[in-house]
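File shown: run01.cif. Contents: mmCIF, C-alpha atoms and all ligand atoms; chains and numbers go by the auth columns.
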```cif
data_final
#
loop_
_atom_site.group_PDB
_atom_site.id
_atom_site.type_symbol
_atom_site.label_atom_id
_atom_site.label_comp_id
_atom_site.label_asym_id
_atom_site.label_seq_id
_atom_site.Cartn_x
_atom_site.Cartn_y
_atom_site.Cartn_z
_atom_site.B_iso_or_equiv
_atom_site.auth_seq_id
_atom_site.auth_asym_id
ATOM 1 C CA MET A 1 -96.541 76.101 137.199 0.00 10 A
ATOM 2 C CA ALA A 2 -94.786 75.850 133.821 0.00 11 A
ATOM 3 C CA VAL A 3 -96.007 77.858 130.838 0.00 12 A
ATOM 4 C CA LEU A 4 -95.778 77.269 127.109 0.00 13 A
ATOM 5 C CA ASN A 5 -94.342 80.189 125.137 0.00 14 A
ATOM 6 C CA VAL A 6 -96.586 80.118 122.088 0.00 15 A
ATOM 7 C CA ILE A 7 -95.602 81.763 118.804 0.00 16 A
ATOM 8 C CA SER A 8 -98.611 80.706 116.750 0.00 17 A
ATOM 9 C CA VAL A 9 -101.580 78.345 116.651 0.00 18 A
ATOM 10 C CA SER A 10 -102.826 76.944 113.319 0.00 19 A
ATOM 11 C CA ARG A 11 -106.113 75.048 113.376 0.00 20 A
ATOM 12 C CA HIS A 12 -107.736 72.536 111.026 0.00 21 A
ATOM 13 C CA ARG A 13 -104.613 71.060 109.481 0.00 22 A
ATOM 14 C CA LEU A 14 -105.233 67.777 107.736 0.00 23 A
ATOM 15 C CA THR A 15 -102.640 64.939 107.800 0.00 24 A
ATOM 16 C CA THR A 16 -99.678 67.351 107.529 0.00 25 A
ATOM 17 C CA ASP A 17 -98.529 67.119 111.167 0.00 26 A
ATOM 18 C CA GLY A 18 -99.752 63.711 112.277 0.00 27 A
ATOM 19 C CA ASN A 19 -102.979 61.725 111.889 0.00 28 A
ATOM 20 C CA GLY A 20 -106.360 63.298 111.285 0.00 29 A
ATOM 21 C CA VAL A 21 -107.204 66.911 111.944 0.00 30 A
ATOM 22 C CA THR A 22 -104.557 68.678 113.993 0.00 31 A
ATOM 23 C CA THR A 23 -103.882 72.014 115.601 0.00 32 A
ATOM 24 C CA LEU A 24 -100.247 73.007 115.180 0.00 33 A
ATOM 25 C CA VAL A 25 -98.793 74.930 118.104 0.00 34 A
ATOM 26 C CA ALA A 26 -95.420 76.567 117.377 0.00 35 A
ATOM 27 C CA LEU A 27 -93.392 77.028 120.553 0.00 36 A
ATOM 28 C CA ALA A 28 -90.607 79.560 121.024 0.00 37 A
ATOM 29 C CA GLY A 29 -86.906 78.867 121.237 0.00 38 A
ATOM 30 C CA CYS A 30 -84.460 76.444 119.681 0.00 39 A
ATOM 31 C CA PRO A 31 -80.930 75.461 120.712 0.00 40 A
ATOM 32 C CA LEU A 32 -79.860 74.920 117.090 0.00 41 A
ATOM 33 C CA LYS A 33 -78.760 77.448 114.516 0.00 42 A
ATOM 34 C CA CYS A 34 -79.508 75.677 111.255 0.00 43 A
ATOM 35 C CA GLU A 35 -78.304 77.641 108.253 0.00 44 A
ATOM 36 C CA TYR A 36 -81.557 77.089 106.328 0.00 45 A
ATOM 37 C CA CYS A 37 -83.959 77.645 109.225 0.00 46 A
ATOM 38 C CA ILE A 38 -87.305 78.764 107.798 0.00 47 A
ATOM 39 C CA ASN A 39 -88.755 79.480 111.244 0.00 48 A
ATOM 40 C CA LYS A 40 -86.439 82.207 112.475 0.00 49 A
ATOM 41 C CA ASP A 41 -89.402 83.930 114.155 0.00 50 A
ATOM 42 C CA VAL A 42 -89.697 81.081 116.612 0.00 51 A
ATOM 43 C CA LEU A 43 -86.133 81.420 117.806 0.00 52 A
ATOM 44 C CA SER A 44 -86.964 84.463 119.887 0.00 53 A
ATOM 45 C CA ALA A 45 -89.039 84.140 123.054 0.00 54 A
ATOM 46 C CA HIS A 46 -89.772 87.891 122.816 0.00 55 A
ATOM 47 C CA LYS A 47 -92.354 87.287 120.098 0.00 56 A
ATOM 48 C CA SER A 48 -94.214 84.612 122.054 0.00 57 A
ATOM 49 C CA VAL A 49 -97.246 84.642 124.333 0.00 58 A
ATOM 50 C CA PRO A 50 -96.943 82.738 127.632 0.00 59 A
ATOM 51 C CA CYS A 51 -99.826 80.303 127.991 0.00 60 A
ATOM 52 C CA PRO A 52 -100.470 77.864 130.869 0.00 61 A
ATOM 53 C CA PRO A 53 -101.170 74.282 129.701 0.00 62 A
ATOM 54 C CA GLU A 54 -104.810 74.303 130.839 0.00 63 A
ATOM 55 C CA LYS A 55 -105.495 77.546 128.980 0.00 64 A
ATOM 56 C CA LEU A 56 -104.010 76.152 125.766 0.00 65 A
ATOM 57 C CA LEU A 57 -106.053 72.968 126.165 0.00 66 A
ATOM 58 C CA GLU A 58 -109.219 74.994 126.702 0.00 67 A
ATOM 59 C CA LYS A 59 -108.581 76.867 123.435 0.00 68 A
ATOM 60 C CA ALA A 60 -107.676 73.723 121.500 0.00 69 A
ATOM 61 C CA MET A 61 -110.789 71.885 122.683 0.00 70 A
ATOM 62 C CA ILE A 62 -112.927 74.052 120.362 0.00 71 A
ATOM 63 C CA ASP A 63 -111.936 71.406 117.810 0.00 72 A
ATOM 64 C CA TYR A 64 -112.460 68.380 120.035 0.00 73 A
ATOM 65 C CA CYS A 65 -115.095 66.853 117.707 0.00 74 A
ATOM 66 C CA TYR A 66 -112.648 66.989 114.778 0.00 75 A
ATOM 67 C CA PHE A 67 -109.857 65.442 116.861 0.00 76 A
ATOM 68 C CA ALA A 68 -111.971 62.663 118.311 0.00 77 A
ATOM 69 C CA SER A 69 -113.596 61.698 115.000 0.00 78 A
ATOM 70 C CA THR A 70 -110.343 61.655 112.963 0.00 79 A
ATOM 71 C CA GLY A 71 -107.750 60.464 115.499 0.00 80 A
ATOM 72 C CA GLY A 72 -106.138 63.895 115.461 0.00 81 A
ATOM 73 C CA GLY A 73 -105.061 66.286 118.169 0.00 82 A
ATOM 74 C CA ILE A 74 -102.368 68.787 119.010 0.00 83 A
ATOM 75 C CA THR A 75 -98.977 68.910 117.274 0.00 84 A
ATOM 76 C CA PHE A 76 -96.227 70.812 119.038 0.00 85 A
ATOM 77 C CA GLY A 77 -93.501 72.188 116.792 0.00 86 A
ATOM 78 C CA GLY A 78 -91.335 75.231 116.765 0.00 87 A
ATOM 79 C CA GLY A 79 -88.615 75.826 117.479 0.00 88 A
ATOM 80 C CA GLU A 80 -87.826 72.947 119.764 0.00 89 A
ATOM 81 C CA PRO A 81 -90.826 71.831 121.824 0.00 90 A
ATOM 82 C CA LEU A 82 -88.618 69.827 124.206 0.00 91 A
ATOM 83 C CA LEU A 83 -87.444 73.162 125.655 0.00 92 A
ATOM 84 C CA HIS A 84 -90.980 73.241 127.124 0.00 93 A
ATOM 85 C CA SER A 85 -90.889 69.685 128.478 0.00 94 A
ATOM 86 C CA GLU A 86 -92.182 70.515 131.928 0.00 95 A
ATOM 87 C CA ALA A 87 -95.265 72.304 130.554 0.00 96 A
ATOM 88 C CA LEU A 88 -95.801 69.559 127.960 0.00 97 A
ATOM 89 C CA VAL A 89 -95.890 66.934 130.722 0.00 98 A
ATOM 90 C CA GLU A 90 -98.577 69.002 132.463 0.00 99 A
ATOM 91 C CA PHE A 91 -100.497 69.365 129.197 0.00 100 A
ATOM 92 C CA MET A 92 -100.440 65.626 128.527 0.00 101 A
ATOM 93 C CA ALA A 93 -101.648 64.901 132.063 0.00 102 A
ATOM 94 C CA ILE A 94 -104.844 66.958 131.614 0.00 103 A
ATOM 95 C CA LYS A 95 -105.751 66.300 127.964 0.00 104 A
ATOM 96 C CA PRO A 96 -108.468 63.752 127.103 0.00 105 A
ATOM 97 C CA ASP A 97 -107.205 60.296 126.064 0.00 106 A
ATOM 98 C CA ASP A 98 -108.750 60.600 122.603 0.00 107 A
ATOM 99 C CA VAL A 99 -106.827 63.786 121.765 0.00 108 A
ATOM 100 C CA SER A 100 -103.378 62.827 120.504 0.00 109 A
ATOM 101 C CA VAL A 101 -100.144 64.730 121.082 0.00 110 A
ATOM 102 C CA VAL A 102 -97.550 64.797 118.309 0.00 111 A
ATOM 103 C CA LEU A 103 -94.083 66.302 118.684 0.00 112 A
ATOM 104 C CA GLU A 104 -91.908 67.678 115.892 0.00 113 A
ATOM 105 C CA THR A 105 -88.439 67.692 117.421 0.00 114 A
ATOM 106 C CA SER A 106 -84.712 67.455 116.826 0.00 115 A
ATOM 107 C CA LEU A 107 -84.341 65.686 120.233 0.00 116 A
ATOM 108 C CA ASN A 108 -81.454 68.035 120.973 0.00 117 A
ATOM 109 C CA HIS A 109 -82.267 68.990 124.537 0.00 118 A
ATOM 110 C CA ASP A 110 -81.170 67.569 127.854 0.00 119 A
ATOM 111 C CA ALA A 111 -83.599 67.714 130.771 0.00 120 A
ATOM 112 C CA GLU A 112 -85.059 65.120 133.140 0.00 121 A
ATOM 113 C CA THR A 113 -88.593 65.753 131.871 0.00 122 A
ATOM 114 C CA VAL A 114 -87.698 64.934 128.245 0.00 123 A
ATOM 115 C CA ALA A 115 -88.107 61.187 128.924 0.00 124 A
ATOM 116 C CA LYS A 116 -91.649 61.768 130.234 0.00 125 A
ATOM 117 C CA VAL A 117 -92.562 63.745 127.111 0.00 126 A
ATOM 118 C CA LEU A 118 -91.187 61.036 124.817 0.00 127 A
ATOM 119 C CA ASP A 119 -93.051 58.365 126.807 0.00 128 A
ATOM 120 C CA GLY A 120 -96.341 60.278 126.773 0.00 129 A
ATOM 121 C CA ALA A 121 -96.496 61.591 123.199 0.00 130 A
ATOM 122 C CA ASN A 122 -98.576 59.583 120.715 0.00 131 A
ATOM 123 C CA GLU A 123 -96.286 60.300 117.793 0.00 132 A
ATOM 124 C CA LEU A 124 -92.754 61.681 117.374 0.00 133 A
ATOM 125 C CA ILE A 125 -91.567 63.294 114.146 0.00 134 A
ATOM 126 C CA ILE A 126 -87.809 63.577 114.549 0.00 135 A
ATOM 127 C CA ASP A 127 -85.554 65.631 112.271 0.00 136 A
ATOM 128 C CA ILE A 128 -82.092 64.223 112.896 0.00 137 A
ATOM 129 C CA LYS A 129 -80.376 66.563 110.358 0.00 138 A
ATOM 130 C CA SER A 130 -77.483 64.101 109.943 0.00 139 A
ATOM 131 C CA MET A 131 -76.180 61.169 111.966 0.00 140 A
ATOM 132 C CA ASN A 132 -72.678 62.307 111.046 0.00 141 A
ATOM 133 C CA PRO A 133 -71.492 64.391 114.063 0.00 142 A
ATOM 134 C CA ALA A 134 -69.180 66.585 111.963 0.00 143 A
ATOM 135 C CA ILE A 135 -71.915 67.472 109.429 0.00 144 A
ATOM 136 C CA TYR A 136 -74.407 68.006 112.242 0.00 145 A
ATOM 137 C CA ARG A 137 -72.128 70.409 114.071 0.00 146 A
ATOM 138 C CA LYS A 138 -71.232 72.303 110.917 0.00 147 A
ATOM 139 C CA TYR A 139 -74.883 72.741 109.918 0.00 148 A
ATOM 140 C CA THR A 140 -76.461 73.437 113.352 0.00 149 A
ATOM 141 C CA GLY A 141 -73.558 74.833 115.387 0.00 150 A
ATOM 142 C CA LEU A 142 -74.137 72.199 118.075 0.00 151 A
ATOM 143 C CA ASP A 143 -73.119 68.587 118.624 0.00 152 A
ATOM 144 C CA ASN A 144 -75.707 65.793 118.405 0.00 153 A
ATOM 145 C CA THR A 145 -74.935 64.036 121.708 0.00 154 A
ATOM 146 C CA ASN A 146 -78.436 64.687 123.111 0.00 155 A
ATOM 147 C CA THR A 147 -80.082 63.517 119.886 0.00 156 A
ATOM 148 C CA LEU A 148 -78.116 60.251 119.934 0.00 157 A
ATOM 149 C CA HIS A 149 -78.890 59.778 123.634 0.00 158 A
ATOM 150 C CA TRP A 150 -82.662 60.149 123.117 0.00 159 A
ATOM 151 C CA LEU A 151 -82.687 57.984 119.977 0.00 160 A
ATOM 152 C CA LYS A 152 -81.134 55.225 122.091 0.00 161 A
ATOM 153 C CA TYR A 153 -83.647 55.899 124.875 0.00 162 A
ATOM 154 C CA ILE A 154 -86.482 55.481 122.357 0.00 163 A
ATOM 155 C CA ILE A 155 -85.126 52.136 121.173 0.00 164 A
ATOM 156 C CA ASP A 156 -84.308 50.882 124.688 0.00 165 A
ATOM 157 C CA ASN A 157 -87.861 51.668 125.774 0.00 166 A
ATOM 158 C CA GLY A 158 -89.634 50.230 122.712 0.00 167 A
ATOM 159 C CA LEU A 159 -91.021 53.581 121.536 0.00 168 A
ATOM 160 C CA GLN A 160 -89.713 53.334 117.955 0.00 169 A
ATOM 161 C CA ASN A 161 -93.076 52.412 116.393 0.00 170 A
ATOM 162 C CA LYS A 162 -94.437 55.859 117.121 0.00 171 A
ATOM 163 C CA CYS A 163 -91.475 57.576 115.464 0.00 172 A
ATOM 164 C CA THR A 164 -90.980 58.934 111.967 0.00 173 A
ATOM 165 C CA ILE A 165 -87.355 59.897 111.434 0.00 174 A
ATOM 166 C CA LYS A 166 -86.691 62.635 108.914 0.00 175 A
ATOM 167 C CA VAL A 167 -83.334 62.535 107.130 0.00 176 A
ATOM 168 C CA PRO A 168 -82.893 65.692 105.058 0.00 177 A
ATOM 169 C CA ASN A 169 -80.668 66.151 102.083 0.00 178 A
ATOM 170 C CA ILE A 170 -79.078 69.473 103.043 0.00 179 A
ATOM 171 C CA PRO A 171 -77.641 71.479 100.122 0.00 180 A
ATOM 172 C CA LYS A 172 -73.897 72.140 100.517 0.00 181 A
ATOM 173 C CA TYR A 173 -73.757 69.897 103.624 0.00 182 A
ATOM 174 C CA THR A 174 -74.771 66.349 102.670 0.00 183 A
ATOM 175 C CA GLN A 175 -73.963 64.049 99.776 0.00 184 A
ATOM 176 C CA LYS A 176 -75.835 60.923 98.692 0.00 185 A
ATOM 177 C CA GLU A 177 -73.394 58.753 100.687 0.00 186 A
ATOM 178 C CA ASP A 178 -74.018 60.779 103.879 0.00 187 A
ATOM 179 C CA ILE A 179 -77.776 60.270 103.563 0.00 188 A
ATOM 180 C CA GLU A 180 -77.323 56.540 102.949 0.00 189 A
ATOM 181 C CA ALA A 181 -74.987 56.263 105.943 0.00 190 A
ATOM 182 C CA SER A 182 -77.515 58.050 108.211 0.00 191 A
ATOM 183 C CA VAL A 183 -80.329 55.780 107.017 0.00 192 A
ATOM 184 C CA GLU A 184 -78.202 52.631 107.565 0.00 193 A
ATOM 185 C CA THR A 185 -77.254 53.729 111.093 0.00 194 A
ATOM 186 C CA LEU A 186 -80.904 54.400 111.946 0.00 195 A
ATOM 187 C CA LYS A 187 -82.004 51.031 110.532 0.00 196 A
ATOM 188 C CA ASP A 188 -79.258 49.280 112.506 0.00 197 A
ATOM 189 C CA MET A 189 -80.560 50.974 115.659 0.00 198 A
ATOM 190 C CA GLY A 190 -84.057 49.588 114.957 0.00 199 A
ATOM 191 C CA PHE A 191 -85.961 52.454 113.341 0.00 200 A
ATOM 192 C CA THR A 192 -88.221 51.541 110.432 0.00 201 A
ATOM 193 C CA LYS A 193 -90.165 54.673 109.454 0.00 202 A
ATOM 194 C CA ILE A 194 -87.456 56.794 107.820 0.00 203 A
ATOM 195 C CA ASN A 195 -88.317 59.667 105.517 0.00 204 A
ATOM 196 C CA VAL A 196 -85.542 61.012 103.258 0.00 205 A
ATOM 197 C CA PHE A 197 -86.336 64.374 101.691 0.00 206 A
ATOM 198 C CA ASP A 198 -84.713 67.482 100.165 0.00 207 A
ATOM 199 C CA TYR A 199 -84.471 70.775 101.986 0.00 208 A
ATOM 200 C CA LEU A 200 -85.745 73.339 99.485 0.00 209 A
ATOM 201 C CA VAL A 201 -83.506 76.371 99.785 0.00 210 A
ATOM 202 C CA LYS A 202 -84.371 79.719 98.246 0.00 211 A
ATOM 203 C CA GLU A 203 -81.208 81.290 96.834 0.00 212 A
HETATM 204 S S1 LIG B . -84.153 72.961 114.465 0.00 301 B
HETATM 205 FE FE1 LIG B . -85.762 73.963 113.251 0.00 301 B
HETATM 206 S S2 LIG B . -86.288 75.850 114.344 0.00 301 B
HETATM 207 FE FE2 LIG B . -84.318 75.121 115.157 0.00 301 B
HETATM 208 S S3 LIG B . -82.787 76.262 113.976 0.00 301 B
HETATM 209 FE FE3 LIG B . -83.111 74.264 112.977 0.00 301 B
HETATM 210 S S4 LIG B . -84.672 74.634 111.418 0.00 301 B
HETATM 211 FE FE4 LIG B . -84.721 76.385 112.851 0.00 301 B
#
```
Structure encoded using structure tokens:
Amino acid sequence: MAVLNVISVSRHRLTTDGNGVTTLVALAGCPLKCEYCINKDVLSAHKSVPCPPEKLLEKAMIDYCYFASTGGGITFGGGEPLLHSEALVEFMAIKPDDVSVVLETSLNHDAETVAKVLDGANELIIDIKSMNPAIYRKYTGLDNTNTLHWLKYIIDNGLQNKCTIKVPNIPKYTQKEDIEASVETLKDMGFTKINVFDYLVKE
């Protein structure tokens, strides 16, 4: 059985990580090495607590009334939740229908189970960093082949309406033209909910 490596659980969040009242579960590990990562704690599995999906659901269900009455549920972030795809598939199979699952992801992971997670999640909040492969690599240390693959999968399978795509303005890495080019590429692909924002970097 797969386990979720949990860094932290934050309850009673309101409209910050999806609809309604949510519980944010930060999962350990991330393949990227973003220069301005504000979650460096989550990059290490050593600081996490292994938790089977049914145990996590049992804990989260304390707030079932809030979820059901507001359209909320569990938001998985991190780190990169897709590293836990197998356990997430198990979690989604046992959760009640009226508890939503939201994923905050960069989509930069390649595994067979990723498609099942993308199919099953109620909402996807996707930080694409940049659609420019050179900027992406420079900022994260990795190429964006997986991200592009899963963005295409989402479009090909008609899942785009549950996606919000985040396009950050990254100090020292992106210019206005880069942001505009990313947004145009995403629109051409068929995405409509695109959120451009500034990374706030503490000097
Ligand atoms: S994707 Fe998120 S968690 Fe991973 S390195 Fe970048 S900012 Fe940090």
Taking the file above as input, evaluate the PyMOL selection byres (((chain A and resi 64) around 12) and not hetatm) and report the hits as a PyMOL selection string. chain A and resi 11-13+15+58-63+65-71+96+99-100+103-104
Can you spell out as a list in words the set of residues that the PyMOL selection byres (((not hetatm)) within 7 of (chain B and resi 301)) selects in the structure I just provided?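 Evaluating the PyMOL selection byres (((not hetatm)) within 7 of (chain B and resi 301)) on these coordinates yields Cys39, Pro40, Leu41, Lys42, Cys43, Tyr45, Cys46, Ile47, Asn48, Lys49, Val51, Leu52, Gly87, Gly88, Glu89, Ser115 and Thr149 of chain A.
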Distance in Å - CA of Pro90 (chain A) versus CA of Leu116 (chain A):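 It comes out at 9.1 Å.
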What would the selection look like, as a ChimeraX atom specification, if the PyMOL selection byres (((chain A and resi 177) around 9) and not hetatm) were run on the coordinates I just shared? /A:136-139,175-176,178-179,183,188,204-208
What is the distance between CA of Asp72 (chain A) and CA of His21 (chain A), in Å to one decimal?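 Here the two named atoms are 8.1 Å from each other.
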Proximity to Leu157 (chain A) - best of A:Glu186, A:Pro180, A:His118, A:Glu193, only C-alpha atoms: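 Nearest candidate to Leu157 (chain A) out of A:Glu186, A:Pro180, A:His118, A:Glu193: A:His118.
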Ranking A:Gln169, A:Gln184, A:Thr154, A:Thr79 by minimum distance to Met198 (chain A) and counting only C-alpha atoms, which one comes first? A:Gln169
Give one line per residue of region 77-189 of chain A that approaches region 29-38 of chain A to at most 10 Å, naming the two atoms of the closest pair and their distance in Å to one decimal, counting only C-alpha atoms; sort by chain then ascending residue number and deliver it as a tab-separated table.
```
residue	atom	partner	partner_atom	distance
A:Ala77	CA	A:Gly29	CA	9.0
A:Ser78	CA	A:Gly29	CA	8.3
A:Thr79	CA	A:Gly29	CA	4.6
A:Gly80	CA	A:Gly29	CA	5.3
A:Gly81	CA	A:Gly29	CA	4.2
A:Gly82	CA	A:Thr31	CA	4.8
A:Ile83	CA	A:Thr32	CA	4.9
A:Thr84	CA	A:Leu33	CA	4.8
A:Phe85	CA	A:Val34	CA	4.9
A:Gly86	CA	A:Ala35	CA	4.8
A:Gly87	CA	A:Ala35	CA	4.3
A:Gly88	CA	A:Gly38	CA	5.1
A:Glu89	CA	A:Gly38	CA	6.2
A:Pro90	CA	A:Leu36	CA	5.9
A:Leu91	CA	A:Leu36	CA	9.4
A:Leu92	CA	A:Gly38	CA	7.2
A:His93	CA	A:Leu36	CA	8.0
A:Val108	CA	A:Thr31	CA	9.5
A:Ser109	CA	A:Thr31	CA	8.8
A:Val110	CA	A:Thr31	CA	9.2
A:Val111	CA	A:Thr31	CA	9.1
A:Leu112	CA	A:Leu33	CA	9.8
A:Glu113	CA	A:Ala35	CA	9.7
```
Using only C-alpha atoms, the shortest atom-to-atom distance to Met140 (chain A) among A:Leu97, A:Val123, A:Val210, A:Val192 belongs to A:Val192
CA of Ala190 (chain A) to CA of Ile164 (chain A), distance in Å rounded to a single decimal: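 CA of Ile164 (chain A) lies 18.8 Å from CA of Ala190 (chain A).
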At a cut-off of 9 Å from (-89.6, 56.0, 118.4) in the coordinates of the file, what residues are picked up using only C-alpha atoms, written as a list in words? Leu127, Glu132, Leu133, Ile134, Ile135, Leu160, Tyr162, Ile163, Ile164, Asn166, Gly167, Leu168, Gln169, Asn170, Lys171, Cys172, Thr173, Ile174 and Phe200 of chain A
Residue nearest Tyr145 (chain A) - candidates A:Asp197, A:Asp128, A:Glu44, A:Asp119, atoms counted: only C-alpha atoms: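 Checking each of A:Asp197, A:Asp128, A:Glu44, A:Asp119 against Tyr145 (chain A), counting only C-alpha atoms, the winner is A:Glu44.
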Kindly indicate which residue among A:Val18, A:Tyr148, A:Asp107, A:Gly199 lies nearest to Asn131 (chain A), using all atoms listed in the file for the distances. A:Asp107
How about completing region 147-164 of chain A with N, CA, C and O atoms and giving it to me as an mmCIF file, in the coordinates of the input?
```cif
data_model
loop_
_atom_site.group_PDB
_atom_site.id
_atom_site.type_symbol
_atom_site.label_atom_id
_atom_site.label_comp_id
_atom_site.auth_asym_id
_atom_site.auth_seq_id
_atom_site.Cartn_x
_atom_site.Cartn_y
_atom_site.Cartn_z
ATOM 1 N N LYS A 147 -71.459 71.249 111.909
ATOM 2 C CA LYS A 147 -71.232 72.303 110.917
ATOM 3 C C LYS A 147 -72.557 72.985 110.532
ATOM 4 O O LYS A 147 -72.627 74.207 110.406
ATOM 5 N N TYR A 148 -73.614 72.183 110.388
ATOM 6 C CA TYR A 148 -74.883 72.741 109.918
ATOM 7 C C TYR A 148 -75.674 73.445 111.028
ATOM 8 O O TYR A 148 -76.330 74.455 110.800
ATOM 9 N N THR A 149 -75.600 72.902 112.274
ATOM 10 C CA THR A 149 -76.461 73.437 113.352
ATOM 11 C C THR A 149 -75.689 74.264 114.382
ATOM 12 O O THR A 149 -76.309 74.952 115.198
ATOM 13 N N GLY A 150 -74.354 74.136 114.378
ATOM 14 C CA GLY A 150 -73.558 74.833 115.387
ATOM 15 C C GLY A 150 -73.496 74.121 116.723
ATOM 16 O O GLY A 150 -72.927 74.635 117.684
ATOM 17 N N LEU A 151 -74.102 72.927 116.799
ATOM 18 C CA LEU A 151 -74.137 72.199 118.075
ATOM 19 C C LEU A 151 -73.786 70.733 117.825
ATOM 20 O O LEU A 151 -73.948 70.247 116.704
ATOM 21 N N ASP A 152 -73.337 70.019 118.855
ATOM 22 C CA ASP A 152 -73.119 68.587 118.624
ATOM 23 C C ASP A 152 -74.431 67.820 118.836
ATOM 24 O O ASP A 152 -75.400 68.367 119.371
ATOM 25 N N ASN A 153 -74.448 66.562 118.372
ATOM 26 C CA ASN A 153 -75.707 65.793 118.405
ATOM 27 C C ASN A 153 -75.741 64.755 119.526
ATOM 28 O O ASN A 153 -76.467 63.768 119.439
ATOM 29 N N THR A 154 -74.973 64.992 120.596
ATOM 30 C CA THR A 154 -74.935 64.036 121.708
ATOM 31 C C THR A 154 -76.330 63.789 122.298
ATOM 32 O O THR A 154 -76.713 62.642 122.541
ATOM 33 N N ASN A 155 -77.086 64.866 122.535
ATOM 34 C CA ASN A 155 -78.436 64.687 123.111
ATOM 35 C C ASN A 155 -79.330 63.891 122.154
ATOM 36 O O ASN A 155 -80.087 63.017 122.585
ATOM 37 N N THR A 156 -79.247 64.217 120.876
ATOM 38 C CA THR A 156 -80.082 63.517 119.886
ATOM 39 C C THR A 156 -79.782 62.020 119.914
ATOM 40 O O THR A 156 -80.697 61.186 119.960
ATOM 41 N N LEU A 157 -78.496 61.676 119.920
ATOM 42 C CA LEU A 157 -78.116 60.251 119.934
ATOM 43 C C LEU A 157 -78.581 59.586 121.238
ATOM 44 O O LEU A 157 -79.060 58.451 121.231
ATOM 45 N N HIS A 158 -78.461 60.311 122.335
ATOM 46 C CA HIS A 158 -78.890 59.778 123.634
ATOM 47 C C HIS A 158 -80.382 59.443 123.609
ATOM 48 O O HIS A 158 -80.798 58.355 124.024
ATOM 49 N N TRP A 159 -81.209 60.381 123.100
ATOM 50 C CA TRP A 159 -82.662 60.149 123.117
ATOM 51 C C TRP A 159 -83.094 59.136 122.059
ATOM 52 O O TRP A 159 -84.080 58.408 122.259
ATOM 53 N N LEU A 160 -82.373 59.050 120.952
ATOM 54 C CA LEU A 160 -82.687 57.984 119.977
ATOM 55 C C LEU A 160 -82.478 56.621 120.631
ATOM 56 O O LEU A 160 -83.290 55.702 120.472
ATOM 57 N N LYS A 161 -81.402 56.492 121.390
ATOM 58 C CA LYS A 161 -81.134 55.225 122.091
ATOM 59 C C LYS A 161 -82.203 54.971 123.166
ATOM 60 O O LYS A 161 -82.677 53.844 123.341
ATOM 61 N N TYR A 162 -82.594 56.033 123.854
ATOM 62 C CA TYR A 162 -83.647 55.899 124.875
ATOM 63 C C TYR A 162 -84.929 55.360 124.226
ATOM 64 O O TYR A 162 -85.595 54.472 124.771
ATOM 65 N N ILE A 163 -85.261 55.897 123.065
ATOM 66 C CA ILE A 163 -86.482 55.481 122.357
ATOM 67 C C ILE A 163 -86.414 53.983 122.029
ATOM 68 O O ILE A 163 -87.367 53.235 122.246
ATOM 69 N N ILE A 164 -85.283 53.554 121.510
ATOM 70 C CA ILE A 164 -85.126 52.136 121.173
ATOM 71 C C ILE A 164 -85.153 51.280 122.440
ATOM 72 O O ILE A 164 -85.874 50.269 122.516
#
```
